[in-house]
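Participant: So here's start-v4.cif, just mmCIF, C-alpha atoms:
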```cif
data_query
#
loop_
_atom_site.group_PDB
_atom_site.id
_atom_site.type_symbol
_atom_site.label_atom_id
_atom_site.label_comp_id
_atom_site.auth_asym_id
_atom_site.auth_seq_id
_atom_site.Cartn_x
_atom_site.Cartn_y
_atom_site.Cartn_z
ATOM 1 C CA MET A 1 -4.956 -14.401 17.319
ATOM 2 C CA SER A 2 -6.376 -11.216 18.765
ATOM 3 C CA ALA A 3 -9.572 -9.599 17.498
ATOM 4 C CA ILE A 4 -8.453 -5.973 17.572
ATOM 5 C CA PHE A 5 -10.116 -5.312 14.219
ATOM 6 C CA ALA A 6 -13.412 -7.023 15.020
ATOM 7 C CA GLY A 7 -16.238 -4.948 13.595
ATOM 8 C CA ARG A 8 -13.879 -3.106 11.230
ATOM 9 C CA THR A 9 -13.894 -3.262 7.446
ATOM 10 C CA ALA A 10 -10.541 -3.005 5.675
ATOM 11 C CA LEU A 11 -10.336 -2.160 1.979
ATOM 12 C CA VAL A 12 -7.012 -3.432 0.611
ATOM 13 C CA THR A 13 -5.841 -2.816 -2.951
ATOM 14 C CA GLY A 14 -3.384 -5.147 -4.646
ATOM 15 C CA ALA A 15 -4.690 -7.873 -2.349
ATOM 16 C CA ALA A 16 -4.224 -10.820 -4.696
ATOM 17 C CA SER A 17 -0.498 -11.169 -4.037
ATOM 18 C CA GLY A 18 2.618 -9.783 -2.408
ATOM 19 C CA ILE A 19 2.396 -7.137 0.286
ATOM 20 C CA GLY A 20 -1.320 -6.614 -0.338
ATOM 21 C CA LEU A 21 -2.059 -10.270 0.369
ATOM 22 C CA ALA A 22 0.123 -10.211 3.495
ATOM 23 C CA VAL A 23 -1.777 -7.147 4.736
ATOM 24 C CA ALA A 24 -5.176 -8.672 3.952
ATOM 25 C CA THR A 25 -4.191 -11.840 5.811
ATOM 26 C CA HIS A 26 -2.805 -9.925 8.809
ATOM 27 C CA LEU A 27 -5.975 -7.859 9.205
ATOM 28 C CA ALA A 28 -8.312 -10.811 8.606
ATOM 29 C CA GLU A 29 -6.476 -12.894 11.223
ATOM 30 C CA ARG A 30 -7.214 -10.125 13.704
ATOM 31 C CA GLY A 31 -10.913 -9.937 13.032
ATOM 32 C CA ALA A 32 -11.266 -7.472 10.153
ATOM 33 C CA ARG A 33 -13.703 -7.981 7.351
ATOM 34 C CA VAL A 34 -11.555 -7.542 4.252
ATOM 35 C CA VAL A 35 -12.621 -6.169 0.910
ATOM 36 C CA GLY A 36 -9.803 -7.103 -1.461
ATOM 37 C CA VAL A 37 -9.341 -5.187 -4.709
ATOM 38 C CA ASP A 38 -7.099 -6.299 -7.555
ATOM 39 C CA ILE A 39 -6.961 -6.347 -11.342
ATOM 40 C CA SER A 40 -6.146 -10.061 -11.222
ATOM 41 C CA ASP A 41 -8.973 -12.548 -11.599
ATOM 42 C CA ARG A 42 -7.327 -14.486 -8.767
ATOM 43 C CA ILE A 43 -8.685 -12.007 -6.264
ATOM 44 C CA ALA A 44 -11.948 -13.886 -5.648
ATOM 45 C CA GLY A 45 -10.214 -17.131 -4.737
ATOM 46 C CA THR A 46 -7.608 -15.304 -2.677
ATOM 47 C CA VAL A 47 -10.208 -13.451 -0.624
ATOM 48 C CA ASP A 48 -12.202 -16.647 -0.142
ATOM 49 C CA GLY A 49 -9.115 -18.196 1.427
ATOM 50 C CA LEU A 50 -8.617 -15.479 4.044
ATOM 51 C CA PRO A 51 -9.169 -16.325 7.717
ATOM 52 C CA GLY A 52 -12.526 -15.341 9.135
ATOM 53 C CA GLU A 53 -15.688 -14.650 7.212
ATOM 54 C CA GLY A 54 -17.679 -11.955 5.442
ATOM 55 C CA HIS A 55 -14.867 -10.951 3.095
ATOM 56 C CA HIS A 56 -15.558 -9.585 -0.367
ATOM 57 C CA ALA A 57 -13.573 -9.400 -3.607
ATOM 58 C CA ILE A 58 -13.599 -6.688 -6.251
ATOM 59 C CA ALA A 59 -11.835 -7.310 -9.561
ATOM 60 C CA THR A 60 -11.186 -3.990 -11.273
ATOM 61 C CA ASP A 61 -8.546 -1.840 -12.917
ATOM 62 C CA LEU A 62 -8.005 1.069 -10.538
ATOM 63 C CA THR A 63 -6.489 3.205 -13.290
ATOM 64 C CA ARG A 64 -9.885 3.304 -14.993
ATOM 65 C CA GLU A 65 -11.765 6.552 -14.441
ATOM 66 C CA GLY A 66 -14.426 6.081 -11.787
ATOM 67 C CA ALA A 67 -13.073 2.717 -10.595
ATOM 68 C CA ALA A 68 -12.043 3.987 -7.162
ATOM 69 C CA THR A 69 -15.396 5.606 -6.451
ATOM 70 C CA GLU A 70 -17.136 2.424 -7.555
ATOM 71 C CA ALA A 71 -14.901 0.215 -5.401
ATOM 72 C CA VAL A 72 -15.478 2.244 -2.252
ATOM 73 C CA ALA A 73 -19.229 2.421 -2.932
ATOM 74 C CA GLU A 74 -19.354 -1.348 -3.428
ATOM 75 C CA ALA A 75 -17.395 -1.940 -0.220
ATOM 76 C CA VAL A 76 -19.759 0.298 1.728
ATOM 77 C CA GLY A 77 -22.769 -1.322 0.089
ATOM 78 C CA VAL A 78 -21.629 -4.824 1.023
ATOM 79 C CA THR A 79 -20.208 -4.195 4.491
ATOM 80 C CA GLY A 80 -21.914 -0.966 5.560
ATOM 81 C CA GLN A 81 -18.680 0.954 6.147
ATOM 82 C CA VAL A 82 -14.995 1.304 5.345
ATOM 83 C CA ASP A 83 -12.818 1.862 8.400
ATOM 84 C CA ILE A 84 -9.392 1.123 6.925
ATOM 85 C CA LEU A 85 -7.921 1.698 3.476
ATOM 86 C CA VAL A 86 -4.563 0.220 2.501
ATOM 87 C CA ASN A 87 -3.293 1.402 -0.875
ATOM 88 C CA SER A 88 -0.954 -1.428 -1.836
ATOM 89 C CA ALA A 89 -1.477 -1.771 -5.599
ATOM 90 C CA GLY A 90 1.558 -0.662 -7.564
ATOM 91 C CA VAL A 91 3.952 -1.284 -10.404
ATOM 92 C CA ALA A 92 7.685 -0.848 -11.060
ATOM 93 C CA LEU A 93 8.549 -0.125 -14.703
ATOM 94 C CA LEU A 94 12.279 0.468 -14.764
ATOM 95 C CA ASP A 95 14.651 2.133 -17.200
ATOM 96 C CA LYS A 96 17.354 4.771 -17.301
ATOM 97 C CA ALA A 97 15.956 8.300 -17.151
ATOM 98 C CA VAL A 98 17.245 9.096 -20.641
ATOM 99 C CA ASP A 99 15.551 5.996 -22.047
ATOM 100 C CA LEU A 100 12.294 5.749 -20.090
ATOM 101 C CA SER A 101 9.295 5.884 -22.406
ATOM 102 C CA LEU A 102 6.408 8.223 -21.746
ATOM 103 C CA ASP A 103 4.116 5.187 -21.736
ATOM 104 C CA LYS A 104 6.061 3.661 -18.814
ATOM 105 C CA TRP A 105 6.097 6.996 -16.996
ATOM 106 C CA ASN A 106 2.351 7.477 -17.400
ATOM 107 C CA ALA A 107 1.541 3.878 -16.449
ATOM 108 C CA THR A 108 3.616 4.206 -13.282
ATOM 109 C CA MET A 109 1.934 7.441 -12.250
ATOM 110 C CA ALA A 110 -1.533 6.138 -13.115
ATOM 111 C CA LEU A 111 -1.362 3.181 -10.748
ATOM 112 C CA ASN A 112 1.161 4.152 -8.084
ATOM 113 C CA LEU A 113 0.065 7.736 -7.542
ATOM 114 C CA THR A 114 -3.240 8.611 -9.214
ATOM 115 C CA ALA A 115 -5.060 5.411 -8.254
ATOM 116 C CA SER A 116 -3.841 5.779 -4.667
ATOM 117 C CA PHE A 117 -5.139 9.345 -4.678
ATOM 118 C CA THR A 118 -8.559 8.460 -6.067
ATOM 119 C CA MET A 119 -8.949 5.561 -3.629
ATOM 120 C CA ALA A 120 -7.927 7.750 -0.683
ATOM 121 C CA GLN A 121 -10.185 10.553 -1.891
ATOM 122 C CA ALA A 122 -13.222 8.281 -2.215
ATOM 123 C CA ALA A 123 -12.569 6.527 1.100
ATOM 124 C CA GLY A 124 -11.739 9.849 2.768
ATOM 125 C CA ARG A 125 -15.117 11.316 1.884
ATOM 126 C CA HIS A 126 -16.823 8.360 3.549
ATOM 127 C CA MET A 127 -14.504 8.331 6.561
ATOM 128 C CA THR A 128 -14.650 12.050 7.306
ATOM 129 C CA GLU A 129 -18.445 11.903 7.248
ATOM 130 C CA ARG A 130 -18.365 9.005 9.743
ATOM 131 C CA GLY A 131 -15.719 10.634 11.924
ATOM 132 C CA TYR A 132 -13.284 7.710 11.840
ATOM 133 C CA GLY A 133 -10.766 6.218 9.452
ATOM 134 C CA ARG A 134 -7.296 4.843 8.902
ATOM 135 C CA ILE A 135 -5.581 5.274 5.533
ATOM 136 C CA ILE A 136 -2.186 3.703 4.910
ATOM 137 C CA ASN A 137 -0.398 4.315 1.621
ATOM 138 C CA LEU A 138 2.417 2.094 0.363
ATOM 139 C CA ALA A 139 5.364 4.259 -0.554
ATOM 140 C CA SER A 140 8.938 2.922 -0.658
ATOM 141 C CA GLN A 141 12.458 3.702 0.442
ATOM 142 C CA ALA A 142 12.540 5.117 -3.096
ATOM 143 C CA SER A 143 10.371 7.946 -1.749
ATOM 144 C CA VAL A 144 13.355 9.410 0.091
ATOM 145 C CA ILE A 145 16.396 8.183 -1.867
ATOM 146 C CA GLY A 146 17.299 7.858 -5.525
ATOM 147 C CA LEU A 147 17.669 4.451 -7.150
ATOM 148 C CA ASP A 148 19.232 3.653 -10.497
ATOM 149 C CA GLN A 149 16.641 3.072 -13.266
ATOM 150 C CA HIS A 150 13.819 4.006 -10.874
ATOM 151 C CA VAL A 151 13.076 7.588 -11.963
ATOM 152 C CA ALA A 152 9.347 7.015 -12.489
ATOM 153 C CA TYR A 153 9.034 4.789 -9.449
ATOM 154 C CA CYS A 154 10.935 7.197 -7.172
ATOM 155 C CA THR A 155 8.834 10.106 -8.387
ATOM 156 C CA SER A 156 5.548 8.271 -7.852
ATOM 157 C CA LYS A 157 6.491 7.193 -4.331
ATOM 158 C CA ALA A 158 7.742 10.644 -3.347
ATOM 159 C CA GLY A 159 4.369 11.891 -4.554
ATOM 160 C CA ILE A 160 2.665 9.399 -2.241
ATOM 161 C CA VAL A 161 4.478 10.926 0.732
ATOM 162 C CA GLY A 162 3.478 14.459 -0.236
ATOM 163 C CA MET A 163 -0.117 13.361 -0.769
ATOM 164 C CA THR A 164 -0.125 11.600 2.594
ATOM 165 C CA LYS A 165 1.035 14.695 4.462
ATOM 166 C CA ALA A 166 -1.503 16.987 2.799
ATOM 167 C CA MET A 167 -4.421 14.620 3.416
ATOM 168 C CA SER A 168 -3.382 14.056 7.030
ATOM 169 C CA LEU A 169 -3.640 17.771 7.776
ATOM 170 C CA GLU A 170 -7.061 18.101 6.198
ATOM 171 C CA TRP A 171 -8.625 15.012 7.725
ATOM 172 C CA ALA A 172 -7.156 14.817 11.237
ATOM 173 C CA PRO A 173 -9.927 17.020 12.695
ATOM 174 C CA ALA A 174 -12.465 14.486 11.407
ATOM 175 C CA GLY A 175 -10.786 11.546 13.139
ATOM 176 C CA VAL A 176 -9.064 10.161 10.044
ATOM 177 C CA THR A 177 -5.352 9.381 10.100
ATOM 178 C CA VAL A 178 -3.285 9.133 6.913
ATOM 179 C CA ASN A 179 0.189 7.591 6.926
ATOM 180 C CA ALA A 180 2.679 6.039 4.533
ATOM 181 C CA VAL A 181 5.025 3.095 4.944
ATOM 182 C CA SER A 182 8.242 2.842 2.958
ATOM 183 C CA PRO A 183 9.838 -0.605 2.745
ATOM 184 C CA THR A 184 13.151 -1.510 1.236
ATOM 185 C CA VAL A 185 13.143 -4.513 -1.123
ATOM 186 C CA VAL A 186 10.507 -6.951 0.132
ATOM 187 C CA GLU A 187 10.838 -10.680 -0.439
ATOM 188 C CA THR A 188 7.552 -11.222 -2.226
ATOM 189 C CA GLU A 189 7.612 -13.623 -5.160
ATOM 190 C CA LEU A 190 8.146 -10.690 -7.529
ATOM 191 C CA GLY A 191 10.759 -9.171 -5.241
ATOM 192 C CA LYS A 192 12.733 -12.401 -5.121
ATOM 193 C CA LYS A 193 12.778 -12.620 -8.914
ATOM 194 C CA ALA A 194 13.627 -8.956 -9.464
ATOM 195 C CA TRP A 195 16.518 -9.016 -6.990
ATOM 196 C CA ALA A 196 17.876 -12.505 -7.591
ATOM 197 C CA GLY A 197 21.588 -13.217 -7.924
ATOM 198 C CA GLN A 198 24.430 -10.731 -7.598
ATOM 199 C CA LYS A 199 22.117 -7.728 -7.994
ATOM 200 C CA GLY A 200 20.322 -8.723 -4.817
ATOM 201 C CA GLU A 201 23.504 -9.517 -2.915
ATOM 202 C CA ASP A 202 24.919 -6.111 -3.808
ATOM 203 C CA MET A 203 21.718 -4.429 -2.616
ATOM 204 C CA LYS A 204 21.797 -6.278 0.714
ATOM 205 C CA LYS A 205 25.288 -4.906 1.341
ATOM 206 C CA LEU A 206 23.784 -1.402 1.338
ATOM 207 C CA ILE A 207 21.283 -2.348 4.057
ATOM 208 C CA PRO A 208 22.835 -2.300 7.553
ATOM 209 C CA ALA A 209 20.543 -5.141 8.659
ATOM 210 C CA GLY A 210 22.014 -7.213 5.823
ATOM 211 C CA ARG A 211 18.760 -8.545 4.453
ATOM 212 C CA PHE A 212 15.537 -7.671 2.674
ATOM 213 C CA ALA A 213 12.190 -7.168 4.421
ATOM 214 C CA GLN A 214 9.531 -9.840 4.723
ATOM 215 C CA PRO A 215 5.922 -9.135 3.640
ATOM 216 C CA GLU A 216 4.726 -9.979 7.132
ATOM 217 C CA GLU A 217 6.973 -7.290 8.630
ATOM 218 C CA VAL A 218 5.430 -4.670 6.387
ATOM 219 C CA ALA A 219 1.948 -5.980 7.196
ATOM 220 C CA ALA A 220 2.656 -5.718 10.932
ATOM 221 C CA MET A 221 3.599 -2.043 10.607
ATOM 222 C CA ILE A 222 0.463 -1.382 8.580
ATOM 223 C CA GLY A 223 -1.558 -3.272 11.170
ATOM 224 C CA TYR A 224 -0.302 -0.937 13.872
ATOM 225 C CA LEU A 225 -1.143 2.167 11.828
ATOM 226 C CA ALA A 226 -4.603 0.733 11.140
ATOM 227 C CA SER A 227 -5.281 0.161 14.819
ATOM 228 C CA ASP A 228 -6.807 2.385 17.468
ATOM 229 C CA ASP A 229 -3.403 2.442 19.183
ATOM 230 C CA ALA A 230 -2.118 4.682 16.366
ATOM 231 C CA GLY A 231 -4.756 7.370 16.760
ATOM 232 C CA MET A 232 -2.122 10.072 17.330
ATOM 233 C CA VAL A 233 0.093 8.983 14.435
ATOM 234 C CA THR A 234 -0.719 10.805 11.217
ATOM 235 C CA GLY A 235 1.174 12.401 8.357
ATOM 236 C CA GLU A 236 4.137 10.085 8.862
ATOM 237 C CA ASN A 237 6.273 8.144 6.399
ATOM 238 C CA LEU A 238 7.572 5.150 8.347
ATOM 239 C CA LEU A 239 10.577 3.445 6.790
ATOM 240 C CA ILE A 240 11.061 -0.317 7.005
ATOM 241 C CA ASP A 241 14.496 -0.487 5.441
ATOM 242 C CA GLY A 242 16.916 -2.037 7.910
ATOM 243 C CA GLY A 243 18.733 1.260 8.280
ATOM 244 C CA TYR A 244 19.315 1.881 4.556
ATOM 245 C CA SER A 245 18.193 5.525 4.635
ATOM 246 C CA ALA A 246 20.141 6.215 7.834
ATOM 247 C CA VAL A 247 23.495 5.657 6.118
#
```
Take the structure in this file and express it as structure tokens.
Facilitator:
Amino acid sequence: MSAIFAGRTALVTGAASGIGLAVATHLAERGARVVGVDISDRIAGTVDGLPGEGHHAIATDLTREGAATEAVAEAVGVTGQVDILVNSAGVALLDKAVDLSLDKWNATMALNLTASFTMAQAAGRHMTERGYGRIINLASQASVIGLDQHVAYCTSKAGIVGMTKAMSLEWAPAGVTVNAVSPTVVETELGKKAWAGQKGEDMKKLIPAGRFAQPEEVAAMIGYLASDDAGMVTGENLLIDGGYSAV
């Protein structure tokens, strides 16, 4: 593998599984030192198993007040810097809009939107002072289209796109890019379970490519945005949806 991220530190949230783990692996394979953050106590073992060396695990609940500031400070303390932030932690609590509880709404916003904001804010302060940074926020195709039973999820991901655009304008002069990626259904373990059976087959029919995305495909897009090659790409929401939103 190449070493395009040699000397870089990547802070990845939701790194214990799914897209976050695919991203952490992709960056580590290419030389990055990864600081993985997750609420799961599996995060330590997961980070230990990444390619390369010098990685670090942080087990914390990012919805807790102050957790983001602490995580970024710990990452800087251990590695000396944070060059890349990937906000991958998220949740999907689904229900019809007329039935969705306020608890589910608040929990969705707390992790998907507020925690992404506080992580980006804390990392952005560090990055703008250093004059370099790459922030990539996980949104979703639900950021640009409506999905049945996804009112909280759609709202949180649309918020991610708005946040991304505002931050990109403020931080571009300091050498920090901020982008979002918006996948369709991704075949993580959770994705496979959630979209099993006829529900999944019906969804695939709406995707011109005729299939769901793979975690590695999402990680590859994030890897590009995290690289020096993407220095002129900022404020974008890049869809990885097999043409779904083009229909």
Participant: Any chance you could work out the residue set of the PyMOL selection byres ((chain A and resi 37) around 12) here, as a ChimeraX atom specification?
Facilitator: /A:10-17,20-21,24,34-36,38-47,55-62,67-68,70-72,74-75,85-89,115,119
Participant: Please provide the set of residues having any atom within 12 Å of A:Lys96, restricted to only C-alpha atoms, with same-chain residues fewer than 5 positions apart removed, written as a VMD selection string.
Facilitator: chain A and resid 101 104 to 105 147 to 153
Participant: Starting from the shown file, work through the PyMOL selection byres ((chain A and resi 92) around 7) and note down what comes out as a PDB file with C-alpha atoms, in the frame of the given file.
Facilitator:
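Result went into result-v6.pdb, see below:
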```
ATOM      1  CA  VAL A  91       3.952  -1.284 -10.404  1.00  0.00           C
ATOM      2  CA  LEU A  93       8.549  -0.125 -14.703  1.00  0.00           C
ATOM      3  CA  LEU A  94      12.279   0.468 -14.764  1.00  0.00           C
ATOM      4  CA  THR A 108       3.616   4.206 -13.282  1.00  0.00           C
ATOM      5  CA  TYR A 153       9.034   4.789  -9.449  1.00  0.00           C
TER       6      TYR A 153
END
```
Participant: Give the answer as one residue: which of A:Met203, A:Leu113, A:Val185, A:Ile136 has the shortest atom-to-atom distance to A:Ile222, using all atoms listed in the file?
Facilitator: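 Among the listed residues, A:Ile136 lies closest to A:Ile222.
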Participant: For A:Gly66, which of A:Ala213, A:Ala122, A:Ala32, A:Leu111 is the closest residue, counting only C-alpha atoms?
Facilitator: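 With only C-alpha atoms as the atom set, the closest residue is A:Ala122.
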Participant: Any idea what the distance is between atom CA of A:Ala226 and atom CA of A:Arg211?
Facilitator: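 According to the coordinates, atom CA of A:Ala226 and atom CA of A:Arg211 are separated by 26.0 Å.
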Participant: Quick check, in Å to one decimal: how far apart do atom CA of A:Ala123 and atom CA of A:Thr177 lie?
Facilitator: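 Going from atom CA of A:Ala123 over to atom CA of A:Thr177 covers 11.9 Å.
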Participant: Give me the result of the PyMOL selection byres ((chain A and resi 189) around 12) on this file, residue by residue, as a ChimeraX atom specification.
Facilitator: /A:17-19,21-22,185-188,190-196,214-215
Participant: Could you tell me which of A:Ile207, A:Leu225, A:Ala110, A:Val161 comes closest to A:Phe5 if we count all atoms listed in the file?
Facilitator: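 Checking each candidate against A:Phe5, we get A:Leu225 as the closest.
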Participant: With distances taken over only C-alpha atoms, which residue among A:Leu27, A:Val178, A:Ile240, A:Met109 lies nearest A:Ala166?
Facilitator: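 Going through A:Leu27, A:Val178, A:Ile240, A:Met109 one by one, the smallest distance to A:Ala166 is for A:Val178.
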Participant: Would you please work out which residue, of A:Gln141, A:Ser156, A:Asn179, A:Thr9, is nearest to A:Val233 when using all atoms listed in the file?
Facilitator: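 Closest candidate: A:Asn179.
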Participant: If I take atom CA of A:Val218 and atom CA of A:Ser245, how far is one from the other in Å, to one decimal?
Facilitator: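 Spanning atom CA of A:Val218 to atom CA of A:Ser245 is a straight-line distance of 16.4 Å.
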